[in-house]
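Next up, target.txt (compact mmCIF, C-alpha atoms and all ligand atoms):
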# COMPACT_ATOMS: atom_id res chain seq x y z
CA MET X 1 -14.61 21.70 -9.57
CA ARG X 2 -16.53 20.66 -6.45
CA SER X 3 -16.96 23.08 -3.58
CA PHE X 4 -15.00 22.39 -0.38
CA PRO X 5 -13.82 19.20 1.16
CA GLU X 6 -15.78 18.39 4.29
CA VAL X 7 -13.57 18.32 7.42
CA ILE X 8 -14.20 15.85 10.23
CA THR X 9 -12.16 15.80 13.41
CA SER X 10 -13.94 13.30 15.64
CA VAL X 11 -14.13 9.52 15.58
CA ALA X 12 -17.90 9.61 16.20
CA GLU X 13 -18.55 11.88 13.20
CA MET X 14 -16.23 9.81 11.03
CA LYS X 15 -18.17 6.63 11.84
CA GLN X 16 -21.45 8.40 11.17
CA TRP X 17 -20.21 9.77 7.81
CA ARG X 18 -19.06 6.31 6.74
CA ARG X 19 -22.33 4.67 7.73
CA SER X 20 -24.21 7.16 5.55
CA LYS X 21 -22.25 6.37 2.37
CA THR X 22 -22.44 3.60 -0.18
CA GLY X 23 -20.17 3.42 -3.23
CA LEU X 24 -16.46 3.14 -3.79
CA VAL X 25 -14.38 4.86 -1.10
CA GLY X 26 -10.74 5.63 -1.86
CA PHE X 27 -8.33 6.67 0.86
CA VAL X 28 -4.98 8.43 1.08
CA PRO X 29 -3.52 8.44 4.62
CA THR X 30 -1.01 11.23 5.29
CA MET X 31 0.64 13.19 8.07
CA GLY X 32 -0.11 16.43 6.22
CA ALA X 33 2.54 18.83 4.88
CA LEU X 34 1.22 17.74 1.51
CA HIS X 35 3.52 18.02 -1.49
CA ALA X 36 3.17 17.23 -5.18
CA GLY X 37 3.60 13.50 -4.45
CA HIS X 38 0.51 13.51 -2.22
CA GLU X 39 -1.37 15.60 -4.75
CA THR X 40 -0.74 12.91 -7.37
CA LEU X 41 -2.16 10.24 -5.02
CA LEU X 42 -5.22 12.37 -4.30
CA LYS X 43 -5.94 13.01 -7.97
CA LYS X 44 -5.53 9.33 -8.79
CA ILE X 45 -7.97 8.25 -6.09
CA ARG X 46 -10.44 10.99 -7.06
CA SER X 47 -10.59 9.77 -10.65
CA ARG X 48 -11.40 6.19 -9.63
CA CYS X 49 -13.72 6.41 -6.64
CA ASP X 50 -17.13 7.78 -5.68
CA PHE X 51 -15.63 9.32 -2.54
CA SER X 52 -12.05 10.32 -1.87
CA ILE X 53 -10.85 10.65 1.70
CA LEU X 54 -7.63 12.20 2.90
CA SER X 55 -6.50 11.77 6.49
CA ILE X 56 -4.14 14.25 8.08
CA PHE X 57 -2.71 13.06 11.35
CA VAL X 58 0.82 13.38 12.68
CA ASN X 59 0.90 10.04 14.44
CA PRO X 60 2.81 10.21 17.74
CA ALA X 61 3.04 6.39 17.92
CA GLN X 62 5.44 6.25 14.97
CA PHE X 63 7.92 8.78 16.38
CA ARG X 64 10.63 7.74 18.81
CA PRO X 65 11.26 9.94 21.86
CA HIS X 66 14.32 11.67 20.36
CA GLU X 67 12.64 12.17 16.95
CA ASP X 68 11.08 15.56 17.17
CA LEU X 69 7.35 15.05 16.75
CA SER X 70 6.69 18.70 17.54
CA LYS X 71 8.95 19.83 14.69
CA TYR X 72 7.14 17.77 12.02
CA PRO X 73 5.87 20.36 9.48
CA ARG X 74 2.18 21.23 9.86
CA ASN X 75 0.16 23.57 7.68
CA PHE X 76 -3.52 22.74 7.65
CA GLU X 77 -4.60 25.76 5.56
CA LYS X 78 -2.19 24.87 2.77
CA ASP X 79 -3.15 21.18 2.96
CA PHE X 80 -6.81 22.16 2.77
CA GLU X 81 -6.12 24.13 -0.44
CA THR X 82 -4.27 21.14 -1.94
CA ALA X 83 -7.17 18.86 -1.01
CA LYS X 84 -9.62 21.31 -2.55
CA GLN X 85 -7.64 21.44 -5.81
CA ALA X 86 -7.59 17.63 -5.89
CA GLU X 87 -11.38 17.58 -5.31
CA VAL X 88 -11.12 15.55 -2.13
CA ASP X 89 -14.54 14.87 -0.59
CA LEU X 90 -13.51 14.52 3.01
CA ILE X 91 -10.54 15.38 5.17
CA PHE X 92 -10.32 13.37 8.37
CA ALA X 93 -8.06 15.37 10.71
CA PRO X 94 -8.51 14.05 14.24
CA THR X 95 -6.66 15.21 17.33
CA SER X 96 -4.25 12.92 19.10
CA THR X 97 -6.61 12.31 22.02
CA GLU X 98 -9.42 11.33 19.63
CA LEU X 99 -7.30 8.50 18.24
CA TYR X 100 -5.27 7.69 21.34
CA PRO X 101 -7.57 8.26 24.30
CA PRO X 102 -6.21 7.77 27.82
CA ASN X 103 -5.66 4.07 28.61
CA PHE X 104 -5.01 3.23 24.96
CA SER X 105 -3.02 -0.03 25.03
CA THR X 106 -3.69 -2.03 21.85
CA PHE X 107 -1.25 -2.08 18.94
CA ALA X 108 -0.87 -3.82 15.56
CA GLU X 109 2.56 -5.19 14.72
CA GLU X 110 4.00 -6.93 11.68
CA THR X 111 6.90 -8.98 13.00
CA SER X 112 9.01 -10.06 10.02
CA ILE X 113 9.55 -7.62 7.17
CA SER X 114 9.40 -4.68 9.58
CA GLN X 115 12.69 -5.75 11.18
CA PRO X 116 15.45 -4.69 8.72
CA LEU X 117 16.18 -1.28 7.12
CA CYS X 118 14.15 1.47 8.84
CA GLY X 119 12.88 -1.07 11.39
CA GLN X 120 16.41 -1.58 12.64
CA TYR X 121 17.07 2.12 13.11
CA ARG X 122 13.61 3.20 14.24
CA PRO X 123 12.41 0.47 16.64
CA GLY X 124 8.67 0.76 17.21
CA HIS X 125 8.18 2.99 14.17
CA PHE X 126 6.39 0.41 12.03
CA ARG X 127 4.28 -0.75 14.96
CA GLY X 128 3.07 2.84 15.21
CA VAL X 129 2.42 2.97 11.47
CA ALA X 130 0.56 -0.38 11.36
CA THR X 131 -1.53 0.61 14.38
CA ILE X 132 -2.64 3.95 12.99
CA VAL X 133 -3.29 2.58 9.50
CA LEU X 134 -5.38 -0.26 10.94
CA LYS X 135 -7.36 2.24 13.04
CA LEU X 136 -7.91 4.50 10.03
CA PHE X 137 -9.01 1.54 7.90
CA GLN X 138 -11.48 0.59 10.63
CA LEU X 139 -12.99 4.06 10.74
CA ILE X 140 -12.94 4.87 7.02
CA GLN X 141 -13.47 1.38 5.60
CA PRO X 142 -12.01 2.21 2.20
CA GLN X 143 -12.08 -0.28 -0.64
CA ILE X 144 -8.85 1.18 -2.05
CA ALA X 145 -5.94 2.84 -0.25
CA LEU X 146 -2.91 4.40 -1.91
CA PHE X 147 0.60 4.51 -0.48
CA GLY X 148 3.65 6.19 -2.01
CA LEU X 149 6.49 3.82 -2.83
CA LYS X 150 9.10 6.21 -1.46
CA ASP X 151 8.17 4.48 1.79
CA ALA X 152 8.38 1.07 0.12
CA GLN X 153 8.96 -0.86 3.34
CA GLN X 154 5.86 0.75 4.80
CA PHE X 155 3.90 -0.23 1.68
CA PHE X 156 4.92 -3.90 1.97
CA ILE X 157 4.21 -3.97 5.72
CA ILE X 158 0.71 -2.55 5.24
CA ASP X 159 0.11 -4.96 2.38
CA ARG X 160 1.25 -7.85 4.61
CA MET X 161 -0.99 -6.68 7.46
CA VAL X 162 -3.97 -6.51 5.13
CA ARG X 163 -3.31 -10.05 3.89
CA ASP X 164 -2.60 -11.44 7.37
CA LEU X 165 -5.66 -9.89 8.99
CA HIS X 166 -7.98 -10.45 6.00
CA LEU X 167 -8.82 -6.78 5.72
CA ASP X 168 -11.12 -5.90 2.87
CA VAL X 169 -9.06 -3.15 1.24
CA ARG X 170 -6.92 -3.11 -1.88
CA ILE X 171 -3.47 -1.62 -1.22
CA GLU X 172 -1.89 0.12 -4.17
CA GLY X 173 1.64 1.49 -4.39
CA VAL X 174 2.28 4.65 -6.36
CA PRO X 175 5.78 5.29 -7.76
CA THR X 176 7.85 7.99 -6.11
CA LEU X 177 7.42 11.44 -7.54
CA ARG X 178 10.78 13.11 -8.13
CA GLU X 179 12.12 16.58 -8.66
CA LYS X 180 13.68 17.24 -12.07
CA ASP X 181 17.12 16.38 -10.67
CA GLY X 182 15.88 13.06 -9.28
CA LEU X 183 15.43 13.94 -5.59
CA ALA X 184 12.40 12.09 -4.19
CA ARG X 185 9.63 14.47 -3.10
CA SER X 186 9.31 14.52 0.67
CA SER X 187 7.82 16.78 3.32
CA ARG X 188 11.28 16.83 4.90
CA ASN X 189 13.04 18.35 1.84
CA ILE X 190 12.14 21.84 3.08
CA TYR X 191 14.68 21.36 5.88
CA LEU X 192 17.62 21.04 3.47
CA SER X 193 19.94 24.05 3.24
CA PRO X 194 20.64 25.26 -0.34
CA GLU X 195 23.99 23.48 -0.22
CA GLU X 196 22.44 20.22 1.05
CA ARG X 197 19.65 20.49 -1.51
CA GLU X 198 22.27 20.62 -4.23
CA LYS X 199 23.93 17.44 -2.97
CA ALA X 200 20.72 15.53 -2.23
CA PRO X 201 20.08 14.10 -5.75
CA GLN X 202 23.35 12.14 -5.46
CA LEU X 203 21.43 9.66 -3.36
CA TYR X 204 19.16 8.67 -6.25
CA GLN X 205 22.15 8.66 -8.61
CA ALA X 206 23.87 6.14 -6.31
CA LEU X 207 20.78 3.90 -6.33
CA LEU X 208 20.58 4.10 -10.14
CA THR X 209 24.25 3.12 -10.43
CA ILE X 210 23.69 0.08 -8.23
CA GLN X 211 20.55 -0.85 -10.19
CA LYS X 212 22.44 -0.65 -13.48
CA LYS X 213 25.21 -2.89 -12.21
CA ILE X 214 22.81 -5.48 -10.80
CA GLU X 215 20.72 -5.52 -13.96
CA GLU X 216 23.82 -5.82 -16.14
CA GLN X 217 25.08 -8.88 -14.27
CA PRO X 218 22.15 -10.37 -12.37
CA CYS X 219 24.29 -13.18 -10.94
CA LEU X 220 26.56 -10.71 -9.19
CA HIS X 221 27.85 -12.24 -6.00
CA PRO X 222 28.48 -11.04 -3.41
CA ILE X 223 26.62 -7.79 -3.80
CA ASP X 224 28.29 -6.03 -0.85
CA PRO X 225 31.40 -4.63 -2.65
CA LEU X 226 29.14 -2.98 -5.17
CA LEU X 227 27.13 -1.29 -2.42
CA GLU X 228 30.35 -0.37 -0.64
CA GLU X 229 31.58 1.60 -3.65
CA SER X 230 28.43 3.77 -3.71
CA LEU X 231 28.46 4.06 0.04
CA GLN X 232 31.99 5.49 0.03
CA LEU X 233 31.05 7.90 -2.75
CA LEU X 234 28.03 9.16 -0.82
CA LYS X 235 30.18 9.63 2.29
CA LYS X 236 32.59 11.68 0.19
CA TYR X 237 29.72 13.97 -0.80
CA GLY X 238 28.96 14.51 2.91
CA PHE X 239 26.07 12.06 3.44
CA LYS X 240 25.91 10.27 6.78
CA ILE X 241 24.73 6.76 5.96
CA GLU X 242 22.21 4.95 8.14
CA TYR X 243 21.86 2.06 5.69
CA LEU X 244 22.36 1.27 2.03
CA GLU X 245 21.18 -2.27 1.30
CA CYS X 246 19.80 -4.52 -1.36
CA LEU X 247 17.19 -7.04 -0.14
CA SER X 248 14.77 -9.49 -1.72
CA LEU X 249 11.10 -8.61 -2.13
CA PRO X 250 8.62 -9.16 -0.68
CA GLU X 251 10.61 -11.02 2.03
CA PHE X 252 13.20 -8.34 2.83
CA LYS X 253 15.86 -11.06 3.12
CA SER X 254 19.24 -11.39 1.41
CA PHE X 255 19.07 -10.68 -2.27
CA VAL X 256 19.96 -13.37 -4.79
CA SER X 257 19.05 -12.88 -8.41
CA PRO X 258 19.86 -15.78 -10.72
CA LEU X 259 20.74 -14.93 -14.31
CA GLN X 260 17.95 -17.01 -15.87
CA ASN X 261 15.27 -15.82 -13.51
CA PRO X 262 15.95 -12.34 -12.07
CA ALA X 263 14.28 -11.94 -8.70
CA PRO X 264 12.47 -8.87 -7.37
CA GLY X 265 14.35 -6.84 -4.82
CA ILE X 266 14.83 -3.40 -3.37
CA ILE X 267 17.87 -1.16 -3.22
CA ALA X 268 17.08 1.06 -0.25
CA ALA X 269 18.89 3.80 1.60
CA ALA X 270 18.42 6.06 4.58
CA VAL X 271 20.91 8.89 4.93
CA TYR X 272 21.35 12.17 6.70
CA LEU X 273 22.34 15.44 5.11
CA GLY X 274 22.99 17.66 8.10
CA GLN X 275 20.00 17.11 10.41
CA THR X 276 17.66 15.96 7.64
CA ARG X 277 16.95 12.26 7.20
CA LEU X 278 16.27 11.21 3.62
CA ILE X 279 15.10 7.82 2.41
CA ASP X 280 14.90 6.54 -1.13
CA ASN X 281 14.75 3.24 -2.99
CA ILE X 282 14.52 1.50 -6.32
CA ILE X 283 12.44 -1.64 -6.78
CA LEU X 284 14.10 -4.23 -9.01
CA TYR X 285 11.95 -6.22 -11.41
CA PRO X 286 8.58 -4.86 -10.18
CA GLN X 287 6.69 -6.88 -12.81
CA LYS X 288 7.55 -10.02 -10.83
CA LEU X 289 5.70 -8.52 -7.85
CA LEU X 290 2.68 -7.63 -9.97
CA ASP X 291 2.64 -11.27 -11.07
CA ARG X 292 2.49 -12.22 -7.38
CA GLY X 293 -0.59 -10.12 -6.67
CA PHE X 294 0.90 -6.80 -5.54
CA HIS X 295 -0.68 -3.67 -6.94
CA PHE X 296 1.40 -0.79 -8.26
CA ILE X 297 -0.13 1.96 -10.31
CA SER X 298 1.73 4.41 -12.52
O1 LIG O 1 3.47 7.68 5.24
C1 LIG O 1 2.94 8.39 6.11
O2 LIG O 1 2.73 9.59 5.92
C2 LIG O 1 2.55 7.77 7.43
O3 LIG O 1 3.44 6.80 7.84
C3 LIG O 1 1.09 7.23 7.45
C4 LIG O 1 0.93 6.07 6.47
C5 LIG O 1 0.13 8.33 7.10
C6 LIG O 1 0.75 6.70 8.83
O4 LIG O 1 0.84 7.70 9.79
Show me, as structure tokens, the structure contained in the file I just sent.
Amino acid sequence: MRSFPEVITSVAEMKQWRRSKTGLVGFVPTMGALHAGHETLLKKIRSRCDFSILSIFVNPAQFRPHEDLSKYPRNFEKDFETAKQAEVDLIFAPTSTELYPPNFSTFAEETSISQPLCGQYRPGHFRGVATIVLKLFQLIQPQIALFGLKDAQQFFIIDRMVRDLHLDVRIEGVPTLREKDGLARSSRNIYLSPEEREKAPQLYQALLTIQKKIEEQPCLHPIDPLLEESLQLLKKYGFKIEYLECLSLPEFKSFVSPLQNPAPGIIAAAVYLGQTRLIDNIILYPQKLLDRGFHFIS
């Protein structure tokens, strides 16, 4: 095992570090509170690159005023240990004022696929995400960057931004890591009460049920009654539903999947259990996306 990851907190040092390195740089952007899902990403990037970089930055630009930025879990010591175990070379952990100095007024915004699903309920969120990811790409200049597919909409938005702006980085999606009972790993799971934690896997079960039905009869039209059934069931379990939708990929438009030629799509949900917001999704026919130049790794 290597010694310790280096820690850099300033933009100037980050630029200097990058200028001094040649070789393959792999990058995992995070907001910290690392869990086993992040650890998987870090180990994957470590095994493929000369240098692995982890960023830890709770990005204020992607939180809305009522979303409690100050309550987002932070534990640098624990994250450092995780990074050390995953043999990360460098942790970039800047302060807010380093990345958003006074008079900051330039943003990056994807304007199509960022509109539905989370975009509808968290206006400005994806603009904040695209802006910070673009800034981090500028500073770190990775050749490969990994994103977890639990945030699938985020993955497709970043991928679109990279294509649209001709950025020289390969975006790879890594399948969601799940608990034994199917609950997607998330930094927010720690907020679930024992009772909520017990109910939480029902969300993934609902997505699986929808997937099964769609794959059994790909022509299914309209798809809404099928979603409605699962939606009512989730409500019965005590979930508050923000959205439960099935959309086409990579367009995020209405989903039509002809029998002879099943089309890629996403079944995605955002729900609340008590105060905790959970998101999850299943990608339908991912091979079709690989054929179209998207990169997913297992
Ligand atoms: O997925 C996240 O943790 C964040 O949205 C990201 C990509 C690190 C940007 O702040």
* To do: Pick out the residues sitting within 12 Å of X:Gln211, and hand them over as a VMD selection string; count all atoms listed in the file, and ignore anything fewer than 2 positions along from it in its own chain.
  => chain X and resid 204 to 209 213 to 218 220 223 226 to 227 230 245 to 246 264 to 268 281 to 285
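Candidate residues X:Leu136, X:Ser298, X:His35, X:Phe239 were compared for distance to X:Lys199, and the nearest is X:Phe239, using all atoms listed in the file.
If all atoms listed in the file are the atoms counted, then among X:Met161, X:Val28, X:Leu278, X:Ala200 the closest residue to X:Leu90 is X:Val28.
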* To do: Taking all atoms listed in the file into account, report as JSON, numbers by chain which residues have an atom no farther than 7 Å from an atom of ligand LIG 1 (chain O).
  => {"X": [29, 30, 31, 57, 58, 59, 129, 132, 133, 151]}
* **Selection: 7 Å around stretch 185-194 of chain X, all atoms listed in the file, excl. self and same-chain fewer than 3 positions, as a PyMOL selection string** => chain X and resi 33-35+37+177-179+197-198+276
* **Local residues around (-8.2, 2.1, 12.7), at most 12 Å away, using only C-alpha atoms, as a VMD selection string** => chain X and resid 11 14 to 15 29 55 98 to 100 106 to 108 128 to 142 167
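The smallest atom-to-atom distance between X:Thr82 and any of X:Glu39, X:Asp280, X:Glu242, X:Glu172, using only C-alpha atoms, is found for X:Glu39.
Rounded to one decimal, atom CA of X:Ile157 and atom CA of X:Thr111 lie 9.2 Å from each other.
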* To do: Excluding X:Leu42 and any residue of its chain fewer than 2 positions from it, enumerate the residues within 9 Å of it, using all atoms listed in the file, and give them as JSON, numbers by chain.
  => {"X": [27, 28, 37, 38, 39, 40, 44, 45, 46, 47, 52, 53, 54, 83, 86, 87, 88, 146]}
Output file for the selection above: C-alpha atoms, as a compact mmCIF listing (two decimals), keeping the file's coordinate frame:
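Dumped everything to result-v5.txt:
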# COMPACT_ATOMS: atom_id res chain seq x y z
CA PHE X 27 -8.33 6.67 0.86
CA VAL X 28 -4.98 8.43 1.08
CA GLY X 37 3.60 13.50 -4.45
CA HIS X 38 0.51 13.51 -2.22
CA GLU X 39 -1.37 15.60 -4.75
CA THR X 40 -0.74 12.91 -7.37
CA LYS X 44 -5.53 9.33 -8.79
CA ILE X 45 -7.97 8.25 -6.09
CA ARG X 46 -10.44 10.99 -7.06
CA SER X 47 -10.59 9.77 -10.65
CA SER X 52 -12.05 10.32 -1.87
CA ILE X 53 -10.85 10.65 1.70
CA LEU X 54 -7.63 12.20 2.90
CA ALA X 83 -7.17 18.86 -1.01
CA ALA X 86 -7.59 17.63 -5.89
CA GLU X 87 -11.38 17.58 -5.31
CA VAL X 88 -11.12 15.55 -2.13
CA LEU X 146 -2.91 4.40 -1.91
* Please identify all polymer residues within 9 Å of X:Ala263, counting only C-alpha atoms, omitting same-chain residues fewer than 5 positions from it, and present them as a list in words. =>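 Counting only the stated atoms, we get Pro218, Ser248, Leu249, Phe255, Val256, Ser257, Pro258, Leu284, Tyr285 and Lys288 of chain X.
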* So how far away is atom CA of X:Gly26 from atom CA of X:Lys180, in Å? ->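 Separating atom CA of X:Lys180 from atom CA of X:Gly26 is a distance of 28.9 Å.
Distances here use only C-alpha atoms; by that measure, the residue among X:Gln260, X:Asn103, X:Thr97, X:Gln143 closest to X:Val162 is X:Gln143.
Note that atom CA of X:Tyr272 and atom CA of X:Glu251 are 26.0 Å apart.
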